[in-house]
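Undergrad: First the structure, which I've put down as structure tokens, then a few questions once you've had a look.
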Amino acid sequence: MLVLFETSVGYAIFKVLNEKKLQEVDSLWKEFETPEKANKIVKLKHFEKFQDTAEALAAFTALMEGKINKQLKKVLKKIVKEAHEPLAVADAKLGGVIKEKLNLSCIHSPVVNELMRGIRSQMDGLIPGVEPREMAAMCLGLAHSLSRYRLKFSADKVDTMIVQAISLLDDLDKELNNYIMRCREWYGWHFPELGKIISDNLTYCKCLQKVGDRKNYASAKLSELLPEEVEAEVKAAAEISMGTEVSEEDICNILHLCTQVIEISEYRTQLYEYLQNRMMAIAPNVTVMVGELVGARLIAHAGSLLNLAKHAASTVQILGAEKALFRALKSRRDTPKYGLIYHASLVGQTSPKHKGKISRMLAAKTVLAIRYDAFGEDSSSAMGVENRAKLEARLRTLEDRGIRKISGTGKALAKTEKYEHKSEVKTYDPSGDSTLPTCSKKRKIEQVDKEDEIVEKKAKKAKVKIKVEEAPVAAEEEEEEEGVLVVEEQETSVKRKKKKDKKKHIKEEPLSEEEPCTSTAIPSPEKKKKKKKKRANED
């Protein structure tokens, strides 16, 4: 069996001397511990050396792309075909190409990998005529040339322009905001009213650049920059401005800052157009789905379009919200529903309760568009347009679902009632503002006295009512006492006389005397004494 071994110096073809040792894969490394042992397993049959680094670079780039170099093809035809033996190769793809073009049987297995590892460890002893110093220099030069070639000609690295452009665009936005804030604050000491009248930053800087000092506004013509009403308001404010006077040197520095702001803003618009064109050329479907800015930020966050294509839809959905995700996982709270994809137009026009659902669907369709752009040969945006139409239809159904009836078939729309504003208009109560008393102290004292009199009158009325209720109760008690006395007298009279007639008379008397018990009149004490005397005489 022959072995094809590629080095930075050239191609080497080895002859396997003892194929029985190759059957023991686990102990094969022991046979390459020393150069003497290695020479007993394999022997160099042919070595084809590269003339320079350019030839080595061409050979290795052909091997990386799965192609056969002319030099390698000559060696294989010359050596391997004459030997009529199988060829062991390290790369299965290269073995397939050799078998297809040269009709040679190639072997690729774990045993071959172990054999290649052993040859590489004892390469200095197995390949005579090549010094280790020359080998190291050739390896370093080939590595540098290969990396330069990959960076220069790789189609995968075209999206680096997008990454750099979107990063520069974000930096320009930050710098523009700082510059404009400083310009407004600086010129605001001289003409503070202008900042409230003109809200647009670029127009503000252009007005400053054209006019300069506040005194020149009366004679300046700003019709190209401002409408007539705003121009008149600016001129009126300049005449009665409360700003301080500044020197010409200060005005020159402010104007220089304004020119910088205008130039940076113009360059930003140019860079944005460049980014739009690059995105439509490299990722047209992603641009249709989420827009050029969001698409470029996704590519920049992942590193490249190929790296982004390897991500799942759930990862693309929360890309850019990694801190919030890990914070939620650590605190066991709800994870974020969206990251950079939140700034897409489809998510922005959705109601808050459907944003999570739309962002999930948008991420799924966006991943399909990314993979189509990264691996597909077609450069049209038809798939992106079709998927966006599906998402918009889905969004409409979600928004209409809240209007439809919950019961029934769900197809009929609910009757929408006329809107009536039912909230009450609340006015401000100024009574709680003042802590001073609303009336004088004398009036307060009079009010307190009146309240005391009212309370006393109520208490008297209550006492009178109680007395009236107690009067009939007392009359009833006195009548009961009289009845008890009469009964005692009757008993004494019965014991003394023991006469039947008297008993009858005594029985009739309580009946006659019980009649006053029903009356409500209260007997006086004099009447009580007279009654007692009469009873005693009768006895």
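Scheme for the structure tokens: letters A, B, ... for chains in order shown; per-chain residue numbers from 1; ligand numbers from 1 in order shown.
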Go through stretch 24-198 of chain A and collect every residue that DSSP, computed from the backbone, puts in strand (DSSP E or B); the answer should be as an mmCIF file with C-alpha atoms, in the first residue's frame.

TA:
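Below is the file that was written, states-v9.cif:
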```cif
data_model
loop_
_atom_site.group_PDB
_atom_site.id
_atom_site.type_symbol
_atom_site.label_atom_id
_atom_site.label_comp_id
_atom_site.auth_asym_id
_atom_site.auth_seq_id
_atom_site.Cartn_x
_atom_site.Cartn_y
_atom_site.Cartn_z
ATOM 1 C CA VAL A 42 7.137 3.009 6.061
ATOM 2 C CA LYS A 43 9.792 3.968 3.520
ATOM 3 C CA LEU A 44 9.983 7.045 1.269
ATOM 4 C CA LYS A 45 9.434 6.082 -2.368
ATOM 5 C CA HIS A 46 9.223 9.520 -4.053
ATOM 6 C CA PHE A 47 9.413 13.175 -2.954
ATOM 7 C CA GLU A 48 8.276 16.026 -5.264
ATOM 8 C CA LYS A 49 9.605 19.335 -3.916
ATOM 9 C CA LEU A 87 -3.310 4.758 -2.275
ATOM 10 C CA ALA A 88 -3.990 5.942 1.307
ATOM 11 C CA CYS A 106 -7.990 5.205 -2.648
ATOM 12 C CA ILE A 107 -8.306 4.278 1.047
#
```

Undergrad: Find the residues near A:Glu24: any atom within 9 Å, counting only C-alpha atoms, skip ones fewer than 4 places away on the same chain, and give them as JSON, numbers by chain.

TA: {"A": [20, 28, 111]}

Undergrad: How would the residues just chosen look if you wrote them out with N, CA and C atoms as a PDB file, in the first residue's frame?

TA:
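And here's result26.pdb as it stands now:
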```pdb
ATOM      1  N   LYS A  20       0.777  -5.740   8.404  1.00  0.00           N
ATOM      2  CA  LYS A  20       0.166  -6.440   9.549  1.00  0.00           C
ATOM      3  C   LYS A  20       0.131  -5.551  10.785  1.00  0.00           C
ATOM      4  N   LEU A  28      -0.468   1.457  17.292  1.00  0.00           N
ATOM      5  CA  LEU A  28       0.315   1.849  16.127  1.00  0.00           C
ATOM      6  C   LEU A  28       1.270   3.000  16.451  1.00  0.00           C
ATOM      7  N   VAL A 111      -7.363   3.901  10.468  1.00  0.00           N
ATOM      8  CA  VAL A 111      -5.981   3.392  10.437  1.00  0.00           C
ATOM      9  C   VAL A 111      -5.090   4.351   9.658  1.00  0.00           C
TER      10      VAL A 111
END
```

Undergrad: Identify, on the basis of only C-alpha atoms, every residue whose closest approach to stretch 210-225 of chain A does not exceed 7 Å; exclude the query and any residue fewer than 5 positions from it along the same chain; express the result as a CSV table (one decimal) with C-alpha atoms, in the first residue's frame.

TA:
```
chain,number,residue,atom,x,y,z
A,191,PHE,CA,-29.6,83.3,20.7
A,203,THR,CA,-31.8,73.1,9.4
A,231,GLU,CA,-38.7,83.0,9.1
A,235,LYS,CA,-36.6,87.6,12.8
A,238,ALA,CA,-33.8,88.0,17.1
A,251,ILE,CA,-19.0,82.8,16.2
```

Undergrad: Let me make sure I understand: among A:Ser304, A:Gln51, A:Asn18, A:Thr61, which one has the smallest atom-to-atom distance to A:Ala38 if we use only C-alpha atoms?

TA: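 So, comparing all the options, the nearest one is A:Asn18.
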
Undergrad: Tell me, as a list in words, which residues lie within 9 Å of stretch 138-141 of chain A, counting only C-alpha atoms; anything in the same chain fewer than 3 positions away does not count.

TA: Thr7, Ser8, Val9, Asp52, Thr53, Arg133, Glu134, Met135, His144, Ser145 and Leu146 of chain A

Undergrad: I need the residues of stretch 32-186 of chain A that end up classed as helix (DSSP H, G or I) by DSSP on the backbone, written out as a PyMOL selection string.

TA: chain A and resi 32+35-41+53-64+70-83+92-102+110-121+123-126+132-153+155-186

Undergrad: Using only C-alpha atoms, which of A:His311, A:Ile370, A:Leu293, A:Leu306 sits nearest A:His343?

TA: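 For A:His343, the nearest of the given residues is A:Leu293.
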
Undergrad: Would you mind listing what lies within 10 Å of A:Leu346 as a ChimeraX atom specification, with only C-alpha atoms counted and same-chain residues fewer than 5 positions away left out?

TA: /A:289-291,341,355,358-359,362,388,391-392,395

Undergrad: Write the residues of the preceding selection, restricted to C-alpha atoms, as a compact mmCIF listing (two decimals), in the first residue's frame.

TA:
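part28.txt, written as the output of this step:
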```txt
# COMPACT_ATOMS: atom_id res chain seq x y z
CA MET A 289 -38.25 40.71 5.67
CA VAL A 290 -36.75 42.93 8.39
CA GLY A 291 -35.22 45.92 6.59
CA ILE A 341 -35.73 41.96 15.64
CA LYS A 355 -45.63 41.52 19.61
CA ILE A 358 -45.31 38.16 15.57
CA SER A 359 -41.61 38.32 16.52
CA LEU A 362 -40.93 36.76 11.87
CA ARG A 388 -43.69 38.91 4.20
CA LEU A 391 -46.86 37.43 7.82
CA GLU A 392 -48.91 40.54 7.05
CA LEU A 395 -51.00 39.93 11.48
```
